[in-house]
file data.txt (compact mmCIF, C-alpha atoms)
# COMPACT_ATOMS: atom_id res chain seq x y z
CA MET X 697 128.31 156.71 102.40
CA ARG X 698 128.88 155.96 106.09
CA PHE X 699 125.22 154.98 106.41
CA PHE X 700 125.50 152.71 103.36
CA LEU X 701 128.62 150.91 104.64
CA THR X 702 127.11 150.48 108.08
CA ASN X 703 124.03 148.81 106.67
CA LEU X 704 126.09 146.55 104.42
CA LEU X 705 127.94 145.39 107.52
CA VAL X 706 124.68 144.65 109.30
CA VAL X 707 123.34 142.71 106.29
CA ALA X 708 126.53 140.67 106.07
CA THR X 709 126.22 139.85 109.76
CA LEU X 710 122.65 138.67 109.24
CA LEU X 711 123.69 136.48 106.31
CA TRP X 712 126.38 134.85 108.43
CA SER X 713 124.09 134.26 111.41
CA CYS X 714 121.26 132.76 109.33
CA ASP X 715 123.24 129.56 108.70
CA VAL X 716 122.36 129.59 105.02
CA PRO X 717 122.38 126.02 103.64
CA MET X 718 124.81 125.60 100.73
CA ALA X 719 124.17 123.22 97.86
CA PHE X 720 126.61 121.01 99.67
CA ALA X 721 128.93 121.85 102.54
CA GLU X 722 132.28 120.12 102.11
CA GLU X 723 132.46 119.64 105.85
CA GLY X 724 129.30 117.55 105.52
CA GLN X 725 127.39 119.58 108.09
CA THR X 726 124.71 120.97 105.78
CA LEU X 727 122.58 119.37 103.10
CA SER X 728 119.29 120.78 101.86
CA PRO X 729 116.62 118.98 99.82
CA GLU X 730 116.97 121.67 97.17
CA ALA X 731 120.62 120.65 96.67
CA LEU X 732 119.57 117.28 95.20
CA PHE X 733 118.51 116.73 91.59
CA GLY X 734 116.24 113.74 92.24
CA GLU X 735 112.57 114.28 92.96
CA SER X 736 112.77 111.93 95.95
CA ALA X 737 115.71 110.82 98.10
CA ILE X 738 116.68 109.32 101.43
CA LEU X 739 119.81 108.48 103.45
CA ILE X 740 119.82 105.85 106.19
CA ASP X 741 122.26 104.06 108.46
CA ALA X 742 122.46 100.54 107.00
CA THR X 743 122.95 98.98 110.44
CA THR X 744 120.28 100.74 112.45
CA GLY X 745 117.87 102.01 109.80
CA GLN X 746 118.08 105.51 111.28
CA VAL X 747 116.95 108.12 108.74
CA LEU X 748 119.61 110.83 108.43
CA PHE X 749 118.22 112.84 105.53
CA GLU X 750 115.17 112.74 103.30
CA LYS X 751 113.44 114.55 100.45
CA ASN X 752 109.87 113.55 99.56
CA PRO X 753 110.65 110.01 100.77
CA HIS X 754 107.07 108.72 100.49
CA GLU X 755 106.32 109.94 96.96
CA LYS X 756 105.32 106.96 94.80
CA LEU X 757 107.53 106.80 91.72
CA TYR X 758 108.60 104.30 89.07
CA PRO X 759 111.77 102.47 90.17
CA ALA X 760 113.15 101.12 86.86
CA SER X 761 115.93 98.56 87.41
CA ILE X 762 116.40 99.11 91.14
CA THR X 763 113.43 96.70 91.18
CA LYS X 764 116.10 94.04 90.65
CA ILE X 765 117.34 94.55 94.22
CA ALA X 766 114.06 93.00 95.38
CA THR X 767 114.14 90.28 92.71
CA GLY X 768 117.73 89.46 93.61
CA ILE X 769 117.28 89.04 97.35
CA TYR X 770 114.08 87.05 96.78
CA ALA X 771 115.87 84.65 94.41
CA ILE X 772 118.78 84.27 96.83
CA GLU X 773 116.60 83.56 99.86
CA LYS X 774 113.86 81.51 98.20
CA GLY X 775 115.80 79.75 95.43
CA ASN X 776 118.51 77.13 95.21
CA PRO X 777 121.68 78.63 93.66
CA GLU X 778 122.56 75.28 92.07
CA ASP X 779 119.21 75.01 90.24
CA ILE X 780 119.53 74.87 86.46
CA VAL X 781 117.23 77.33 84.72
CA THR X 782 116.07 76.74 81.15
CA VAL X 783 115.72 80.04 79.31
CA SER X 784 112.32 80.52 77.65
CA LYS X 785 111.55 82.34 74.42
CA LYS X 786 109.95 85.15 76.45
CA ALA X 787 113.12 85.62 78.48
CA ARG X 788 115.28 85.42 75.34
CA TYR X 789 113.43 88.29 73.69
CA GLU X 790 112.90 90.49 76.76
CA GLU X 791 113.24 94.22 76.10
CA GLY X 792 116.03 96.49 77.27
CA THR X 793 119.36 95.58 78.83
CA ARG X 794 120.25 91.89 78.47
CA VAL X 795 123.01 89.39 79.13
CA TYR X 796 122.02 87.78 75.80
CA LEU X 797 120.67 84.49 77.05
CA GLY X 798 119.82 82.02 74.29
CA GLU X 799 116.45 80.35 73.99
CA GLY X 800 116.74 76.89 75.56
CA GLU X 801 120.07 77.78 77.20
CA GLN X 802 120.56 76.21 80.62
CA VAL X 803 122.09 78.46 83.25
CA SER X 804 122.49 78.13 87.01
CA LEU X 805 120.28 80.34 89.16
CA LYS X 806 123.40 81.77 90.83
CA LYS X 807 124.85 82.84 87.47
CA LEU X 808 121.55 84.52 86.56
CA GLU X 809 121.67 86.46 89.85
CA TYR X 810 125.05 87.91 88.82
CA GLY X 811 123.67 88.81 85.37
CA LEU X 812 120.66 90.38 87.07
CA LEU X 813 122.42 92.52 89.66
CA MET X 814 125.74 93.32 87.96
CA HIS X 815 124.67 93.78 84.34
CA SER X 816 120.98 94.55 84.96
CA GLY X 817 119.84 91.81 82.59
CA ASN X 818 116.10 91.96 81.96
CA ASP X 819 116.30 88.56 80.33
CA ALA X 820 117.92 87.19 83.49
CA ALA X 821 115.09 88.71 85.57
CA THR X 822 112.39 87.05 83.47
CA ALA X 823 114.24 83.72 83.48
CA ILE X 824 114.48 83.86 87.29
CA ALA X 825 110.79 84.78 87.65
CA GLU X 826 109.58 81.97 85.38
CA HIS X 827 111.84 79.42 87.07
CA MET X 828 110.66 80.31 90.56
CA SER X 829 106.97 80.98 89.91
CA GLN X 830 106.08 79.55 86.47
CA THR X 831 104.80 82.95 85.29
CA THR X 832 106.10 86.48 85.68
CA GLU X 833 102.69 87.61 86.97
CA GLN X 834 102.67 85.02 89.73
CA PHE X 835 106.25 85.91 90.59
CA ALA X 836 105.27 89.56 91.08
CA GLU X 837 102.46 88.57 93.45
CA GLN X 838 104.80 86.39 95.50
CA LEU X 839 107.49 89.09 95.48
CA ASN X 840 105.05 91.69 96.83
CA ALA X 841 103.92 89.37 99.63
CA TYR X 842 107.55 88.58 100.48
CA LEU X 843 108.50 92.27 100.69
CA GLN X 844 105.55 93.05 102.92
CA GLU X 845 106.29 90.15 105.25
CA LYS X 846 110.09 90.27 105.39
CA VAL X 847 110.82 93.96 104.92
CA GLY X 848 107.61 95.62 106.05
CA VAL X 849 107.09 97.80 102.97
CA THR X 850 103.78 99.64 102.70
CA GLU X 851 104.27 101.87 99.65
CA THR X 852 105.44 99.35 97.05
CA HIS X 853 103.70 97.34 94.34
CA PHE X 854 105.66 95.47 91.67
CA THR X 855 104.17 93.89 88.55
CA ASN X 856 107.36 92.40 87.13
CA ALA X 857 110.86 91.26 88.09
CA HIS X 858 112.93 93.75 86.08
CA GLY X 859 111.38 97.20 86.42
CA LEU X 860 110.36 97.85 82.82
CA HIS X 861 107.59 100.42 82.83
CA ASP X 862 104.12 99.56 84.03
CA LEU X 863 101.65 102.08 85.44
CA ASP X 864 101.03 99.85 88.45
CA HIS X 865 104.72 99.18 89.15
CA TYR X 866 105.89 101.68 91.77
CA THR X 867 107.70 102.20 95.06
CA THR X 868 109.12 105.02 97.21
CA ALA X 869 112.60 106.06 98.25
CA SER X 870 111.70 105.13 101.83
CA ASP X 871 110.63 101.60 100.89
CA MET X 872 113.64 101.13 98.60
CA SER X 873 116.00 102.03 101.44
CA LYS X 874 114.33 99.37 103.59
CA ILE X 875 114.54 96.76 100.82
CA ALA X 876 118.21 97.59 100.25
CA GLN X 877 118.97 97.49 103.98
CA TYR X 878 117.35 94.06 104.27
CA ALA X 879 119.13 92.75 101.16
CA MET X 880 122.56 93.96 102.27
CA LYS X 881 122.33 91.83 105.42
CA ASN X 882 122.64 88.78 103.16
CA PRO X 883 126.33 87.92 102.47
CA ILE X 884 125.60 86.41 99.04
CA PHE X 885 123.71 89.49 97.91
CA ARG X 886 126.52 91.72 99.25
CA GLU X 887 129.10 89.71 97.35
CA ILE X 888 127.22 90.00 94.06
CA VAL X 889 126.47 93.74 94.18
CA GLY X 890 130.03 94.41 95.36
CA THR X 891 131.60 92.51 92.43
CA ASN X 892 133.16 94.88 89.90
CA ARG X 893 134.06 92.47 87.07
CA LEU X 894 133.12 88.89 86.21
CA PRO X 895 133.86 86.71 83.14
CA TRP X 896 130.67 85.66 81.32
CA GLU X 897 130.44 82.50 79.23
CA GLY X 898 127.05 82.11 77.57
CA LYS X 899 125.53 80.29 74.63
CA GLU X 900 125.22 83.47 72.56
CA TRP X 901 127.51 85.87 74.42
CA LYS X 902 131.05 85.55 75.75
CA SER X 903 132.30 88.65 77.50
CA GLU X 904 133.15 90.19 80.85
CA LEU X 905 130.45 91.71 83.02
CA ILE X 906 131.36 95.14 84.35
CA ASN X 907 129.10 96.22 87.17
CA HIS X 908 126.80 99.02 86.01
CA ASN X 909 127.12 100.70 89.43
CA LYS X 910 129.87 103.31 88.96
CA LEU X 911 130.12 103.92 92.71
CA LEU X 912 132.22 100.76 93.00
CA ARG X 913 134.92 102.47 90.96
CA ASP X 914 134.39 106.12 91.86
CA TYR X 915 133.50 106.29 95.55
CA GLU X 916 135.69 105.37 98.51
CA GLY X 917 134.30 102.47 100.51
CA ALA X 918 131.43 101.71 98.08
CA THR X 919 129.75 98.35 98.72
CA GLY X 920 126.84 98.43 96.20
CA ILE X 921 124.06 98.51 95.07
CA LYS X 922 122.09 99.19 91.84
CA ASN X 923 121.17 101.83 89.28
CA GLY X 924 118.20 102.05 86.92
CA PHE X 925 116.65 103.94 84.04
CA THR X 926 113.50 104.06 81.94
CA ASP X 927 111.99 107.02 80.10
CA GLN X 928 109.19 107.23 82.66
CA ALA X 929 111.21 106.56 85.83
CA MET X 930 114.18 108.62 84.60
CA HIS X 931 117.37 107.85 86.54
CA THR X 932 117.25 105.99 89.84
CA LEU X 933 120.12 104.86 92.05
CA VAL X 934 120.56 103.01 95.33
CA GLY X 935 124.11 103.33 96.64
CA SER X 936 125.88 102.04 99.72
CA ALA X 937 129.30 102.58 101.23
CA LYS X 938 131.14 101.64 104.41
CA ARG X 939 133.84 103.53 106.28
CA GLY X 940 135.04 102.21 109.60
CA ASN X 941 132.08 100.75 111.48
CA THR X 942 129.55 102.94 109.67
CA GLU X 943 127.70 101.83 106.55
CA LEU X 944 125.17 104.08 104.83
CA ILE X 945 122.54 103.56 102.14
CA ALA X 946 121.38 106.42 99.89
CA VAL X 947 118.49 106.39 97.40
CA THR X 948 117.63 108.93 94.73
CA MET X 949 114.71 108.65 92.31
CA LYS X 950 113.62 110.53 89.17
CA ALA X 951 116.86 112.39 88.49
CA ALA X 952 117.15 113.96 85.04
CA SER X 953 120.48 112.30 84.18
CA SER X 954 122.84 109.59 85.35
CA PRO X 955 125.50 112.10 86.53
CA TYR X 956 122.82 113.89 88.58
CA ALA X 957 121.80 110.62 90.23
CA TYR X 958 125.39 109.81 91.17
CA LYS X 959 125.97 113.34 92.46
CA ASP X 960 122.88 113.01 94.66
CA VAL X 961 124.02 109.74 96.19
CA MET X 962 127.60 110.92 96.72
CA LYS X 963 126.39 114.13 98.37
CA MET X 964 124.22 112.17 100.77
CA LEU X 965 126.94 109.66 101.57
CA ASP X 966 129.49 112.43 102.12
CA TYR X 967 127.04 114.24 104.37
CA GLY X 968 126.37 111.09 106.39
CA PHE X 969 130.00 110.09 106.86
CA ALA X 970 130.99 113.63 107.84
CA GLY X 971 128.29 113.97 110.48
CA PHE X 972 127.28 110.59 111.89
CA GLU X 973 128.63 107.28 113.13
CA THR X 974 127.24 103.92 114.17
CA ARG X 975 127.87 103.16 117.84
CA GLN X 976 127.46 99.82 119.61
CA ILE X 977 125.45 100.13 122.83
CA ALA X 978 125.07 96.48 123.83
CA THR X 979 127.01 93.26 123.23
CA ARG X 980 125.33 89.92 122.76
CA GLY X 981 125.26 87.85 125.96
CA ASN X 982 126.29 90.70 128.23
CA ALA X 983 124.13 91.70 131.20
CA TYR X 984 123.34 95.37 131.83
CA THR X 985 122.27 96.58 135.26
CA GLU X 986 122.70 100.33 135.08
CA LEU X 987 119.14 100.97 133.88
CA ALA X 988 116.91 102.34 136.62
CA VAL X 989 113.21 101.53 136.48
CA PRO X 990 111.21 104.78 136.08
CA GLY X 991 109.33 105.76 139.21
CA SER X 992 111.41 103.65 141.59
CA ASP X 993 114.90 103.31 142.99
CA SER X 994 115.34 99.73 141.82
CA VAL X 995 117.63 98.58 139.01
CA VAL X 996 116.75 95.89 136.50
CA THR X 997 119.22 93.63 134.72
CA TYR X 998 118.83 92.93 131.02
CA THR X 999 120.80 90.50 128.91
CA ALA X 1000 121.41 91.37 125.27
CA MET X 1001 120.16 88.75 122.80
CA ASP X 1002 122.19 90.38 120.05
CA ASP X 1003 124.67 93.16 119.41
CA LEU X 1004 122.74 96.43 119.49
CA TYR X 1005 123.73 99.60 117.67
CA THR X 1006 122.54 103.17 117.46
CA THR X 1007 123.37 106.12 115.21
CA VAL X 1008 124.86 109.23 116.79
CA PRO X 1009 126.35 112.52 115.59
CA ILE X 1010 130.13 112.11 115.48
CA GLY X 1011 131.58 112.62 118.94
CA ALA X 1012 128.21 112.54 120.73
CA GLU X 1013 127.63 110.23 123.67
CA PRO X 1014 124.25 108.47 123.54
CA LEU X 1015 122.02 108.77 126.60
CA VAL X 1016 120.49 105.35 127.27
CA THR X 1017 117.46 105.19 129.58
CA LEU X 1018 114.49 102.97 130.29
CA THR X 1019 111.07 104.41 129.50
CA ALA X 1020 108.02 103.97 131.69
CA ASP X 1021 106.45 101.56 129.18
CA GLY X 1022 109.48 99.27 129.22
CA GLN X 1023 111.42 100.46 126.17
CA LEU X 1024 115.11 101.20 125.90
CA SER X 1025 115.42 104.83 124.80
CA VAL X 1026 118.58 106.14 123.15
CA GLN X 1027 119.01 109.87 122.60
CA ALA X 1028 122.07 111.40 120.95
CA GLY X 1029 121.79 114.99 119.80
CA PRO X 1030 118.90 115.19 117.29
CA LEU X 1031 118.75 111.42 116.82
CA SER X 1032 116.61 109.06 118.87
CA ALA X 1033 115.88 105.36 118.85
CA LEU X 1034 113.63 103.01 120.81
CA TYR X 1035 114.40 99.38 121.58
CA PRO X 1036 111.22 97.59 122.69
CA LEU X 1037 111.89 95.60 125.86
CA HIS X 1038 109.99 93.40 128.28
CA ARG X 1039 110.97 93.35 131.91
CA ASN X 1040 112.93 90.27 132.90
CA SER X 1041 113.34 89.46 129.19
CA PRO X 1042 116.35 89.85 126.92
CA LEU X 1043 116.85 92.76 124.62
CA VAL X 1044 115.42 92.45 121.14
CA ALA X 1045 116.33 94.06 117.82
CA PRO X 1046 115.85 97.85 117.65
CA GLN X 1047 112.99 99.67 116.03
CA GLN X 1048 114.38 102.98 114.89
CA ALA X 1049 112.57 106.29 115.19
CA ALA X 1050 113.00 108.18 111.92
CA LEU X 1051 114.51 111.65 111.94
CA THR X 1052 112.73 113.76 109.37
CA ASN X 1053 114.43 116.54 107.50
CA GLU X 1054 111.55 118.36 105.90
CA PRO X 1055 112.57 121.40 103.86
CA GLU X 1056 111.83 124.69 105.57
CA HIS X 1057 109.81 127.35 103.85
CA PRO X 1058 112.34 129.90 102.61
CA PHE X 1059 110.67 132.76 104.52
CA ALA X 1060 110.86 130.83 107.80
CA ARG X 1061 114.66 130.78 107.52
CA TYR X 1062 115.30 134.07 105.70
CA GLY X 1063 112.31 136.20 106.71
CA LEU X 1064 114.22 138.53 109.04
CA MET X 1065 117.01 138.95 106.53
CA VAL X 1066 114.58 139.73 103.68
CA VAL X 1067 112.72 142.32 105.78
CA TRP X 1068 116.01 143.92 106.85
CA LEU X 1069 117.32 144.06 103.28
CA GLY X 1070 114.06 145.58 102.05
CA LEU X 1071 114.06 148.20 104.78
CA ASN X 1072 117.67 149.14 104.15
CA LEU X 1073 117.23 149.35 100.40
CA PHE X 1074 114.28 151.70 101.00
CA LEU X 1075 116.29 153.85 103.42
CA ILE X 1076 119.27 153.99 101.05
CA ALA X 1077 117.06 155.01 98.13
CA PHE X 1078 115.25 157.56 100.31
CA THR X 1079 118.56 159.05 101.54
CA PHE X 1080 120.03 159.42 98.04
CA SER X 1081 116.75 160.90 96.76
CA LYS X 1082 116.68 163.40 99.62
CA ARG X 1083 120.26 164.44 98.96
CA ARG X 1084 119.56 164.92 95.26
CA ARG X 1085 116.59 167.16 96.09
CA GLN X 1086 118.73 169.19 98.50
CA ARG X 1087 121.42 169.65 95.83
CA ARG X 1088 118.84 170.78 93.25
CA LEU X 1089 117.32 173.27 95.72
CA LYS X 1090 120.76 174.59 96.53
CA GLN X 1091 121.62 175.03 92.82
CA ARG X 1092 118.32 176.88 92.20
CA SER X 1093 119.04 179.16 95.14
CA LEU X 1094 122.49 179.99 93.75
CA GLN X 1095 121.04 180.64 90.30
CA ARG X 1096 118.51 183.11 91.76
CA ARG X 1097 121.29 184.99 93.53
CA ALA X 1098 123.24 185.20 90.26
CA TYR X 1099 120.32 186.97 88.61
call {"tool": "encode", "arguments": {"input": "data.txt", "output": "structure tokens"}}
result
Amino acid sequence: MRFFLTNLLVVATLLWSCDVPMAFAEEGQTLSPEALFGESAILIDATTGQVLFEKNPHEKLYPASITKIATGIYAIEKGNPEDIVTVSKKARYEEGTRVYLGEGEQVSLKKLEYGLLMHSGNDAATAIAEHMSQTTEQFAEQLNAYLQEKVGVTETHFTNAHGLHDLDHYTTASDMSKIAQYAMKNPIFREIVGTNRLPWEGKEWKSELINHNKLLRDYEGATGIKNGFTDQAMHTLVGSAKRGNTELIAVTMKAASSPYAYKDVMKMLDYGFAGFETRQIATRGNAYTELAVPGSDSVVTYTAMDDLYTTVPIGAEPLVTLTADGQLSVQAGPLSALYPLHRNSPLVAPQQAALTNEPEHPFARYGLMVVWLGLNLFLIAFTFSKRRRQRRLKQRSLQRRAY
């Protein structure tokens, strides 16, 4: 018994020291890919683009209605909000979720953007596409070119404005986080996706739009953005929230249910807010002279063109240095970022180095523990078996003496 208790104590010590990842640590210090329901997911700092967590971020999947994030920012940046859009028969009879536009109804582009992003109107998406590009096919081509040029996506191809299923309509969690980050920099887009309720007066439908994004009502500091669903894409969700100076964007794709998608995004946001913060490292117009040039004793002065920020673990102080190739390097715990610079030139916007969080193979983390448990179970079984044999031999010996 003493041997058994001793080994249990050793096993418990090993379990404690292995830093076993929970499905979700309330302190926000641990989050494993296996804890999320979605097939693909990512969490980024909305200001810096720093990747804080990811799960299969480059897997190409169907986006469903989170496609409308791209359609919305395109319409806002490329369209005139005061334009009057005439609703076509195609838009009137579009499949899926609608704001019930009437054929021939005339609606402002701005109003359609609210119907698109708040109520996920597929009819609004088609009306926007036809107004801006004559045909939905031409709109998709222009949208793809826009996303590549403005956002820098490389894993996205859209064939429509609304996200209804098409085999050639796909994106990734990584690209969607970039699209959402870009869109949220636009104040009009932010206002729309952050609107909870809006009266709706239409030719065929008079009602009140209630934003389909439940985060706005259920999550502290939520600022957007958009949910989606089709049978093929399953449930997708892009969520954002801001607390203090830190704003985060989380994406989950191909979750089996809407509650699972929301749980994924909330877990990631909780994890991010508990462990990281956005820190300003340069102020626009200020000169900085504390950066030594590598390989010499001289100091170079740089003037910031813009406010510059980096993401750090909470409480960590970023180490800012100048690299030999003329880049500003920021290191804070496990996070790093590079700001490309040119000597005697002002600072430019940061290019963030992504922090990957690839899932470990279970044996890599638990191998020692598994071996120890196996060995101890063998020794325990061997000890009990040996004792049983000794008792049987002793009983036989006593029986022989009795005869």
call {"tool": "closest_residue", "arguments": {"input": "data.txt", "among": "X:Thr974, X:Ile765, X:Asp914, X:Leu1031", "to": "Leu1015 of chain X", "atoms": "all atoms listed in the file"}}
result
X:Leu1031
call {"tool": "residues_around", "arguments": {"input": "data.txt", "residues": "Gly898 of chain X", "least_positions_apart": "2", "cutoff": "9 Å", "atoms": "all atoms listed in the file", "output": "list in words"}}
result
Val795, Tyr796, Leu797, Gly798, Glu801, Val803, Trp896, Glu900, Trp901, Lys902 and Ser903 of chain X
call {"tool": "closest_residue", "arguments": {"input": "data.txt", "among": "X:Ser804, X:Ser1025, X:Thr942, X:Ile884", "to": "Thr1007 of chain X", "atoms": "only C-alpha atoms"}}
result
X:Thr942
call {"tool": "atom_distance", "arguments": {"input": "data.txt", "atom1": "atom CA of Thr822 of chain X", "atom2": "atom CA of Ser953 of chain X"}}
result
26.5 Å
call {"tool": "atom_distance", "arguments": {"input": "data.txt", "atom1": "atom CA of Gly800 of chain X", "atom2": "atom CA of Ala771 of chain X"}}
result
20.4 Å
call {"tool": "residues_around", "arguments": {"input": "data.txt", "residues": "Asn892 of chain X", "least_positions_apart": "5", "cutoff": "9 Å", "atoms": "only C-alpha atoms", "output": "list of chain:residue names"}}
result
X:Met814, X:Leu905, X:Ile906, X:Asn907, X:His908, X:Asn909, X:Leu912, X:Arg913
call {"tool": "closest_residue", "arguments": {"input": "data.txt", "among": "X:Glu851, X:Glu790, X:Asp966, X:Asp862", "to": "Lys874 of chain X", "atoms": "only C-alpha atoms"}}
result
X:Glu851
call {"tool": "residues_around", "arguments": {"input": "data.txt", "residues": "Ala821 of chain X", "least_positions_apart": "5", "cutoff": "7 Å", "atoms": "all atoms listed in the file", "output": "PyMOL selection string"}}
result
chain X and resi 812+857-858
call {"tool": "atom_distance", "arguments": {"input": "data.txt", "atom1": "atom CA of Pro1030 of chain X", "atom2": "atom CA of Tyr967 of chain X"}}
result
15.3 Å
